[in-house]
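K.L.:
Provided herewith: structure.csv, CSV, C-alpha atoms.
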```
chain,number,residue,atom,x,y,z
B,144,MET,CA,1.4,-176.4,135.4
B,145,PRO,CA,1.8,-179.9,133.9
B,146,GLU,CA,1.2,-181.4,137.3
B,147,ALA,CA,-2.0,-179.3,137.7
B,148,LEU,CA,-3.2,-180.5,134.3
B,149,ALA,CA,-2.4,-184.1,135.1
B,150,ALA,CA,-4.3,-183.8,138.4
B,151,ALA,CA,-7.2,-182.3,136.6
B,152,LEU,CA,-7.4,-185.0,134.0
B,153,ALA,CA,-7.2,-187.7,136.7
B,154,LEU,CA,-10.5,-186.4,138.4
B,155,PRO,CA,-13.0,-189.2,138.8
B,156,GLY,CA,-16.1,-188.6,136.7
B,157,LEU,CA,-14.2,-186.4,134.2
B,158,GLY,CA,-15.5,-188.6,131.4
B,159,TRP,CA,-19.1,-188.0,132.4
B,160,MET,CA,-18.4,-184.2,132.7
B,161,ALA,CA,-16.9,-184.3,129.2
B,162,LEU,CA,-20.0,-186.0,127.8
B,163,ALA,CA,-22.2,-183.4,129.6
B,164,ALA,CA,-20.0,-180.6,128.1
B,165,LEU,CA,-20.4,-182.0,124.6
B,166,LEU,CA,-24.2,-182.3,125.0
B,167,ALA,CA,-24.5,-178.9,126.6
B,168,GLY,CA,-22.5,-177.3,123.7
B,169,LEU,CA,-24.7,-179.1,121.2
B,170,VAL,CA,-27.9,-177.7,122.7
B,171,ARG,CA,-26.4,-174.3,123.2
B,172,GLY,CA,-25.3,-174.2,119.5
B,173,PHE,CA,-28.8,-174.8,118.1
B,174,SER,CA,-31.0,-173.2,120.9
B,175,GLY,CA,-28.8,-170.5,122.4
B,176,PHE,CA,-29.2,-171.8,126.0
B,177,GLY,CA,-29.0,-174.9,128.2
B,178,THR,CA,-25.2,-175.2,129.0
B,179,ALA,CA,-25.5,-174.6,132.7
B,180,MET,CA,-28.7,-176.6,133.1
B,181,ILE,CA,-27.2,-179.6,131.4
B,182,PHE,CA,-23.6,-179.5,132.7
B,183,LEU,CA,-24.0,-178.4,136.3
B,184,PRO,CA,-26.2,-181.3,137.5
B,185,VAL,CA,-23.5,-183.7,136.3
B,186,ALA,CA,-20.5,-181.6,137.5
B,187,GLY,CA,-22.1,-181.1,140.9
B,188,GLN,CA,-21.9,-184.9,141.5
B,189,HIS,CA,-18.1,-184.8,141.3
B,190,VAL,CA,-16.8,-181.4,142.4
B,191,SER,CA,-17.9,-178.6,144.9
B,192,PRO,CA,-20.5,-176.0,143.9
B,193,VAL,CA,-17.9,-173.2,143.4
B,194,GLU,CA,-15.6,-175.5,141.4
B,195,ALA,CA,-18.5,-176.6,139.2
B,196,ILE,CA,-19.4,-173.1,138.3
B,197,VAL,CA,-15.7,-172.1,137.7
B,198,ILE,CA,-15.4,-175.1,135.4
B,199,LEU,CA,-18.6,-174.1,133.6
B,200,VAL,CA,-17.7,-170.5,133.0
B,201,VAL,CA,-14.1,-171.3,131.8
B,202,MET,CA,-15.2,-173.9,129.3
B,203,ASP,CA,-18.3,-172.0,128.3
B,204,LEU,CA,-16.3,-168.9,127.5
B,205,PHE,CA,-14.8,-170.7,124.5
B,206,GLY,CA,-17.8,-172.7,123.4
B,207,PRO,CA,-19.9,-170.0,121.9
B,208,MET,CA,-17.1,-168.0,120.4
B,209,PRO,CA,-17.4,-169.4,116.9
B,210,ASN,CA,-21.1,-168.5,116.9
B,211,LEU,CA,-20.7,-164.9,118.3
B,212,PRO,CA,-20.4,-163.1,114.9
B,213,ARG,CA,-23.7,-164.6,113.7
B,214,ALA,CA,-25.3,-163.8,117.1
B,215,LEU,CA,-24.2,-160.1,116.8
B,216,ARG,CA,-25.8,-160.0,113.4
B,217,ASP,CA,-29.0,-161.7,114.4
B,218,GLY,CA,-29.5,-160.3,117.9
B,219,HIS,CA,-30.5,-157.0,119.6
B,220,PRO,CA,-27.4,-156.0,121.7
B,221,ALA,CA,-29.2,-153.0,123.3
B,222,ASP,CA,-31.6,-155.3,125.1
B,223,VAL,CA,-28.8,-157.6,126.1
B,224,MET,CA,-26.9,-154.8,127.8
B,225,ARG,CA,-30.1,-153.8,129.8
B,226,LEU,CA,-30.3,-157.4,131.0
B,227,LEU,CA,-26.6,-157.4,131.9
B,228,ALA,CA,-26.9,-154.1,133.8
B,229,GLY,CA,-29.6,-155.7,136.0
B,230,THR,CA,-27.5,-158.9,136.4
B,231,LEU,CA,-24.5,-156.9,137.8
B,232,LEU,CA,-26.6,-155.7,140.7
B,233,LEU,CA,-27.6,-159.0,142.2
B,234,LEU,CA,-24.9,-161.4,141.0
B,235,PRO,CA,-22.6,-160.6,144.0
B,236,VAL,CA,-25.5,-161.5,146.3
B,237,GLY,CA,-25.9,-164.8,144.7
B,238,LEU,CA,-22.2,-165.5,144.9
B,239,MET,CA,-22.2,-164.9,148.7
B,240,LEU,CA,-25.0,-167.4,149.0
B,241,LEU,CA,-23.1,-169.9,146.9
B,242,ALA,CA,-20.1,-169.8,149.2
B,243,GLN,CA,-22.2,-171.1,152.0
B,244,MET,CA,-24.1,-173.7,150.0
B,245,GLN,CA,-23.8,-177.5,150.6
B,246,PRO,CA,-23.3,-179.7,147.5
B,247,GLU,CA,-26.7,-181.5,147.9
B,248,VAL,CA,-28.5,-178.1,148.2
B,249,PHE,CA,-26.6,-176.9,145.1
B,250,ARG,CA,-27.6,-179.9,143.0
B,251,THR,CA,-31.2,-179.6,144.2
B,252,ALA,CA,-31.3,-175.9,143.4
B,253,VAL,CA,-29.9,-176.4,139.9
B,254,GLY,CA,-32.2,-179.4,139.1
B,255,VAL,CA,-35.3,-177.7,140.4
B,256,VAL,CA,-34.7,-174.4,138.5
B,257,ALA,CA,-34.0,-176.4,135.3
B,258,LEU,CA,-37.2,-178.5,135.7
B,259,VAL,CA,-39.3,-175.5,136.6
B,260,LEU,CA,-38.1,-173.7,133.5
B,261,VAL,CA,-38.9,-176.6,131.2
B,262,ALA,CA,-42.3,-177.0,132.8
B,263,CYS,CA,-43.1,-173.2,132.3
B,264,LEU,CA,-42.0,-173.4,128.6
B,265,VAL,CA,-43.9,-176.6,127.9
B,266,LEU,CA,-47.1,-175.3,129.6
B,267,GLY,CA,-46.8,-171.8,128.0
B,268,LEU,CA,-46.6,-170.0,131.3
B,269,ARG,CA,-44.9,-166.8,130.2
B,270,TYR,CA,-45.5,-163.1,130.7
B,271,ARG,CA,-47.7,-161.8,127.9
B,272,GLY,CA,-47.8,-158.1,128.7
B,273,THR,CA,-45.6,-155.3,127.5
B,274,LEU,CA,-41.9,-155.6,128.6
B,275,ARG,CA,-40.8,-152.2,129.6
B,276,PRO,CA,-37.2,-151.2,130.4
B,277,PRO,CA,-37.6,-151.4,134.2
B,278,MET,CA,-38.9,-155.0,133.8
B,279,ILE,CA,-36.0,-155.9,131.6
B,280,TYR,CA,-33.6,-154.6,134.3
B,281,GLY,CA,-35.5,-156.6,136.9
B,282,ILE,CA,-35.3,-159.8,134.8
B,283,GLY,CA,-31.6,-159.3,134.5
B,284,GLY,CA,-31.4,-158.9,138.3
B,285,VAL,CA,-33.2,-162.2,138.9
B,286,SER,CA,-30.8,-163.8,136.4
B,287,GLY,CA,-27.8,-162.4,138.2
B,288,PHE,CA,-29.0,-163.8,141.6
B,289,LEU,CA,-29.6,-167.3,140.1
B,290,GLY,CA,-26.3,-167.1,138.2
B,291,GLY,CA,-24.4,-166.4,141.3
B,292,ALA,CA,-26.2,-168.8,143.7
B,293,ALA,CA,-26.7,-171.7,141.3
B,294,GLY,CA,-24.8,-171.0,138.1
B,295,VAL,CA,-28.1,-170.8,136.1
B,296,ALA,CA,-28.5,-167.3,134.9
B,297,GLY,CA,-30.4,-168.3,131.8
B,298,PRO,CA,-34.0,-169.3,132.9
B,299,PRO,CA,-35.5,-165.8,133.6
B,300,VAL,CA,-34.0,-164.5,130.4
B,301,ILE,CA,-35.2,-167.5,128.4
B,302,LEU,CA,-38.8,-167.1,129.7
B,303,PHE,CA,-38.5,-163.4,128.8
B,304,TYR,CA,-37.5,-164.0,125.2
B,305,MET,CA,-39.9,-166.9,124.7
B,306,ALA,CA,-42.7,-164.4,125.5
B,307,SER,CA,-41.4,-161.9,123.0
B,308,PRO,CA,-42.5,-161.7,119.3
B,309,LEU,CA,-38.9,-162.0,118.1
B,310,PRO,CA,-38.0,-164.7,115.6
B,311,ALA,CA,-36.2,-167.8,116.7
B,312,ALA,CA,-32.8,-166.6,115.3
B,313,ALA,CA,-33.0,-163.4,117.3
B,314,ILE,CA,-34.0,-165.2,120.5
B,315,ARG,CA,-31.1,-167.6,120.1
B,316,ALA,CA,-28.7,-164.8,119.4
B,317,ASN,CA,-29.7,-162.6,122.3
B,318,THR,CA,-29.7,-165.5,124.8
B,319,MET,CA,-26.2,-166.6,123.6
B,320,LEU,CA,-24.8,-163.1,123.8
B,321,PHE,CA,-26.2,-162.5,127.3
B,322,LEU,CA,-24.9,-165.8,128.7
B,323,PHE,CA,-21.5,-165.2,127.2
B,324,LEU,CA,-21.2,-161.8,128.9
B,325,VAL,CA,-22.4,-163.3,132.2
B,326,ASP,CA,-19.6,-165.9,131.9
B,327,ILE,CA,-17.0,-163.0,131.6
B,328,VAL,CA,-18.5,-161.2,134.6
B,329,LEU,CA,-18.5,-164.4,136.7
B,330,ILE,CA,-14.8,-165.1,135.8
B,331,ALA,CA,-13.9,-161.6,136.9
B,332,MET,CA,-15.8,-161.9,140.2
B,333,PHE,CA,-14.4,-165.3,141.0
B,334,TRP,CA,-10.9,-163.8,140.4
B,335,LEU,CA,-11.6,-160.9,142.7
B,336,ARG,CA,-12.9,-163.2,145.4
B,337,GLY,CA,-9.8,-165.5,145.1
B,338,GLU,CA,-11.9,-168.5,144.0
B,339,LEU,CA,-10.5,-168.8,140.5
B,340,LEU,CA,-8.3,-171.8,141.5
B,341,ILE,CA,-6.0,-173.6,139.1
B,342,ALA,CA,-7.6,-177.0,139.3
B,343,PRO,CA,-11.1,-176.1,138.2
B,344,VAL,CA,-9.6,-173.7,135.6
B,345,MET,CA,-7.6,-176.5,134.1
B,346,ILE,CA,-10.6,-178.8,134.0
B,347,GLY,CA,-12.6,-176.0,132.4
B,348,LEU,CA,-9.9,-175.6,129.7
B,349,ALA,CA,-9.8,-179.3,129.1
B,350,LEU,CA,-13.6,-179.4,128.7
B,351,ALA,CA,-13.5,-176.4,126.3
B,352,LEU,CA,-12.8,-178.7,123.4
B,353,PRO,CA,-16.0,-180.8,123.6
B,354,THR,CA,-17.9,-177.6,124.4
B,355,VAL,CA,-16.6,-175.9,121.2
B,356,LEU,CA,-17.2,-179.0,119.1
B,357,GLY,CA,-20.8,-179.3,120.5
B,358,ASN,CA,-21.5,-175.6,119.7
B,359,LEU,CA,-20.2,-175.9,116.2
B,360,ALA,CA,-22.3,-179.0,115.5
B,361,GLY,CA,-25.4,-177.4,117.0
B,362,ALA,CA,-24.9,-174.2,115.0
B,363,ALA,CA,-24.4,-176.3,111.8
B,364,ILE,CA,-27.7,-178.1,112.2
B,365,PHE,CA,-29.7,-175.0,113.3
B,366,ARG,CA,-32.5,-174.2,110.9
B,367,PRO,CA,-35.0,-171.5,112.0
B,368,GLY,CA,-37.9,-173.4,110.4
B,369,HIS,CA,-37.4,-176.4,112.7
B,370,GLU,CA,-37.7,-174.4,115.9
B,371,ARG,CA,-40.1,-176.8,117.6
B,372,VAL,CA,-37.9,-179.8,117.1
B,373,TYR,CA,-34.9,-177.9,118.6
B,374,ARG,CA,-36.8,-176.9,121.6
B,375,ALA,CA,-38.2,-180.4,122.2
B,376,VAL,CA,-34.6,-181.8,122.1
B,377,ALA,CA,-33.3,-179.1,124.3
B,378,TYR,CA,-36.1,-179.7,126.9
B,379,LEU,CA,-35.5,-183.5,126.9
B,380,VAL,CA,-31.7,-183.1,127.4
B,381,VAL,CA,-32.2,-180.5,130.2
B,382,VAL,CA,-34.7,-182.7,132.0
B,383,ILE,CA,-32.6,-185.9,131.9
B,384,SER,CA,-29.5,-184.0,133.2
B,385,ALA,CA,-31.5,-182.2,135.9
B,386,LEU,CA,-33.0,-185.5,137.1
B,387,SER,CA,-29.6,-187.2,137.1
B,388,GLY,CA,-28.2,-184.5,139.4
B,389,LEU,CA,-30.9,-184.6,142.1
B,390,PRO,CA,-29.5,-186.1,145.3
B,391,ILE,CA,-32.3,-188.7,145.5
B,392,TRP,CA,-30.5,-191.6,143.8
B,393,GLY,CA,-28.2,-192.4,146.7
```
Have the structure of the file written as structure tokens, please.
P.N.:
Amino acid sequence: MPEALAAALALPGLGWMALAALLAGLVRGFSGFGTAMIFLPVAGQHVSPVEAIVILVVMDLFGPMPNLPRALRDGHPADVMRLLAGTLLLLPVGLMLLAQMQPEVFRTAVGVVALVLVACLVLGLRYRGTLRPPMIYGIGGVSGFLGGAAGVAGPPVILFYMASPLPAAAIRANTMLFLFLVDIVLIAMFWLRGELLIAPVMIGLALALPTVLGNLAGAAIFRPGHERVYRAVAYLVVVISALSGLPIWG
């Protein structure tokens, strides 16, 4: 185990990944989303797609924990469970695709999904009709597929909640609860598939500290009345990270 930890800490690019983990945690703490879209474009430059997602789910499992009690109070767990049920159906399909994906394709997929999400949010392109239970399950299914194939389960759910009349605190709470549960499911599936390898797990554990610190700082500065400011900051960080991860810079 000490040898595995030493090897993990010697990984080139670990410093950049730690910075990305800190920023991702900060954004997650005040907005409820953004971890994967900020961290994966950076991690994908240094490790394989499967390793990047394993590192993400391990570190991200610890990051939101200090904020979960507040999320349970502010959120609507029944809707979260409907989304999760849909996720469970298509997540394995996404994971099968991930196993065949080249690093450049993975980085492009993550970056494009993140940029499209930000564009939709900024332009106000959201579904405005009534969200019935079958549609909620469907949104969960799309999230599951994207979570398995590219590690970004959040965008469909984020668009869903941004179209809802819920207050900012409830949106933040529901998104945080959903993504936390998706992380648990992903860890279980990686273990069943034999892909929960010790090296990425150790890196994930090492990056849990900056993730937790970022989450705590983000939660501390969160004020519902400043929702627009938080969204603008989250969008900017996501765009910068997504662009940095695109395989167009050589």
K.L.:
State, in Å with one decimal place, the distance from CA of Ser286 in chain B to CA of His369 in chain B.
P.N.:
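Distance between the two atoms: 27.6 Å.
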K.L.:
Just the residues within 9 Å of range 291-298 of chain B, please, counting all atoms listed in the file, with nothing from its chain fewer than 2 positions along; format it as a CSV table (one decimal) with C-alpha atoms, keeping the file's coordinate frame.
P.N.:
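The resulting file, result_12.csv, is shown below:
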```
chain,number,residue,atom,x,y,z
B,176,PHE,CA,-29.2,-171.8,126.0
B,177,GLY,CA,-29.0,-174.9,128.2
B,178,THR,CA,-25.2,-175.2,129.0
B,179,ALA,CA,-25.5,-174.6,132.7
B,180,MET,CA,-28.7,-176.6,133.1
B,183,LEU,CA,-24.0,-178.4,136.3
B,192,PRO,CA,-20.5,-176.0,143.9
B,193,VAL,CA,-17.9,-173.2,143.4
B,195,ALA,CA,-18.5,-176.6,139.2
B,196,ILE,CA,-19.4,-173.1,138.3
B,199,LEU,CA,-18.6,-174.1,133.6
B,200,VAL,CA,-17.7,-170.5,133.0
B,230,THR,CA,-27.5,-158.9,136.4
B,233,LEU,CA,-27.6,-159.0,142.2
B,234,LEU,CA,-24.9,-161.4,141.0
B,235,PRO,CA,-22.6,-160.6,144.0
B,236,VAL,CA,-25.5,-161.5,146.3
B,237,GLY,CA,-25.9,-164.8,144.7
B,238,LEU,CA,-22.2,-165.5,144.9
B,239,MET,CA,-22.2,-164.9,148.7
B,240,LEU,CA,-25.0,-167.4,149.0
B,241,LEU,CA,-23.1,-169.9,146.9
B,242,ALA,CA,-20.1,-169.8,149.2
B,244,MET,CA,-24.1,-173.7,150.0
B,249,PHE,CA,-26.6,-176.9,145.1
B,250,ARG,CA,-27.6,-179.9,143.0
B,252,ALA,CA,-31.3,-175.9,143.4
B,253,VAL,CA,-29.9,-176.4,139.9
B,256,VAL,CA,-34.7,-174.4,138.5
B,257,ALA,CA,-34.0,-176.4,135.3
B,259,VAL,CA,-39.3,-175.5,136.6
B,260,LEU,CA,-38.1,-173.7,133.5
B,261,VAL,CA,-38.9,-176.6,131.2
B,283,GLY,CA,-31.6,-159.3,134.5
B,285,VAL,CA,-33.2,-162.2,138.9
B,286,SER,CA,-30.8,-163.8,136.4
B,287,GLY,CA,-27.8,-162.4,138.2
B,288,PHE,CA,-29.0,-163.8,141.6
B,289,LEU,CA,-29.6,-167.3,140.1
B,300,VAL,CA,-34.0,-164.5,130.4
B,301,ILE,CA,-35.2,-167.5,128.4
B,302,LEU,CA,-38.8,-167.1,129.7
B,303,PHE,CA,-38.5,-163.4,128.8
B,318,THR,CA,-29.7,-165.5,124.8
B,321,PHE,CA,-26.2,-162.5,127.3
B,322,LEU,CA,-24.9,-165.8,128.7
B,325,VAL,CA,-22.4,-163.3,132.2
B,329,LEU,CA,-18.5,-164.4,136.7
```
K.L.:
Any idea what's packed within 12 Å of Val265 in chain B, counting all atoms listed in the file, ignoring anything in its chain fewer than 3 positions away? Could you give it as a list in words?
P.N.:
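The neighbour list is Leu258, Val259, Leu260, Val261, Ala262, Leu268, Arg269, Leu302, Met305, Arg371, Arg374, Ala375, Ala377, Tyr378, Leu379 and Val382 of chain B.
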K.L.:
Output C-alpha atoms of each residue in that selection to a file, as an mmCIF file, keeping the file's coordinate frame.
P.N.:
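Here's the written file selection-v1.cif:
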```cif
data_model
loop_
_atom_site.group_PDB
_atom_site.id
_atom_site.type_symbol
_atom_site.label_atom_id
_atom_site.label_comp_id
_atom_site.auth_asym_id
_atom_site.auth_seq_id
_atom_site.Cartn_x
_atom_site.Cartn_y
_atom_site.Cartn_z
ATOM 1 C CA LEU B 258 -37.200 -178.500 135.700
ATOM 2 C CA VAL B 259 -39.300 -175.500 136.600
ATOM 3 C CA LEU B 260 -38.100 -173.700 133.500
ATOM 4 C CA VAL B 261 -38.900 -176.600 131.200
ATOM 5 C CA ALA B 262 -42.300 -177.000 132.800
ATOM 6 C CA LEU B 268 -46.600 -170.000 131.300
ATOM 7 C CA ARG B 269 -44.900 -166.800 130.200
ATOM 8 C CA LEU B 302 -38.800 -167.100 129.700
ATOM 9 C CA MET B 305 -39.900 -166.900 124.700
ATOM 10 C CA ARG B 371 -40.100 -176.800 117.600
ATOM 11 C CA ARG B 374 -36.800 -176.900 121.600
ATOM 12 C CA ALA B 375 -38.200 -180.400 122.200
ATOM 13 C CA ALA B 377 -33.300 -179.100 124.300
ATOM 14 C CA TYR B 378 -36.100 -179.700 126.900
ATOM 15 C CA LEU B 379 -35.500 -183.500 126.900
ATOM 16 C CA VAL B 382 -34.700 -182.700 132.000
#
```
K.L.:
So, with all atoms listed in the file as the atoms that count, which of B:Leu211, B:Val197, B:Val248, B:Leu166 lies closest to Leu324 in chain B?
P.N.:
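Nearest to Leu324 in chain B: B:Leu211.
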K.L.:
Please identify all polymer residues within 9 Å of Leu348 in chain B, counting all atoms listed in the file, omitting same-chain residues fewer than 5 positions from it, and present them as number ranges by chain.
P.N.:
B: 198, 201-202, 205, 343
K.L.:
I'd like the neighbourhood of range 153-164 of chain B as a list of chain:residue names, where a residue qualifies if any of its atoms comes within 6 Å (using all atoms listed in the file), though same-chain residues fewer than 5 positions away should be ignored.
P.N.:
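Skipping anything fewer than 5 positions along the chain leaves B:Phe182, B:Ala186, B:Leu350, B:Thr354.
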K.L.:
Provide the CA of Arg315 in chain B to CA of Ser174 in chain B distance in Å, to one decimal place.
P.N.:
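Taking CA of Arg315 in chain B as the start and CA of Ser174 in chain B as the end point, the length is 5.7 Å.
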K.L.:
Rank nothing, just name the residue among B:Met319, B:Asp326, B:Gly388, B:Pro310 nearest to Arg366 in chain B, using all atoms listed in the file.
P.N.:
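Looking at the shortest contact to Arg366 in chain B, the residue is B:Pro310.
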K.L.:
Considering only C-alpha atoms, state which residue in the set B:Gly218, B:Leu231, B:Tyr304, B:Val190 is at the smallest distance from Leu264 in chain B.
P.N.:
B:Tyr304
K.L.:
Name the closest residue to Leu356 in chain B among the candidates B:His189, B:Arg225, B:Arg216, B:Arg171; distances are taken between atoms, counting only C-alpha atoms.
P.N.:
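Result for the nearest residue to Leu356 in chain B: B:Arg171.
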K.L.:
Taking only C-alpha atoms into account, which of B:Leu339, B:Leu389, B:Leu169, B:Ala311 comes nearest Asn210 in chain B?
P.N.:
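With only C-alpha atoms as the atom set, the closest residue is B:Leu169.
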K.L.:
For CA of Ala349 in chain B and CA of Ile181 in chain B, determine how far apart the two atoms are, in Å to one decimal place.
P.N.:
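Separating CA of Ala349 in chain B from CA of Ile181 in chain B is a distance of 17.6 Å.
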K.L.:
Which is closest to Gly357 in chain B among B:Ala149, B:Gly267, B:Gly172, B:Gly290, if we use all atoms listed in the file?
P.N.:
B:Gly172
K.L.:
Using only C-alpha atoms, which protein or nucleic acid residues come within 8 Å of Leu215 in chain B? Drop anything in the same chain fewer than 5 positions from it, and give the result as a VMD selection string.
P.N.:
chain B and resid 220 316 320
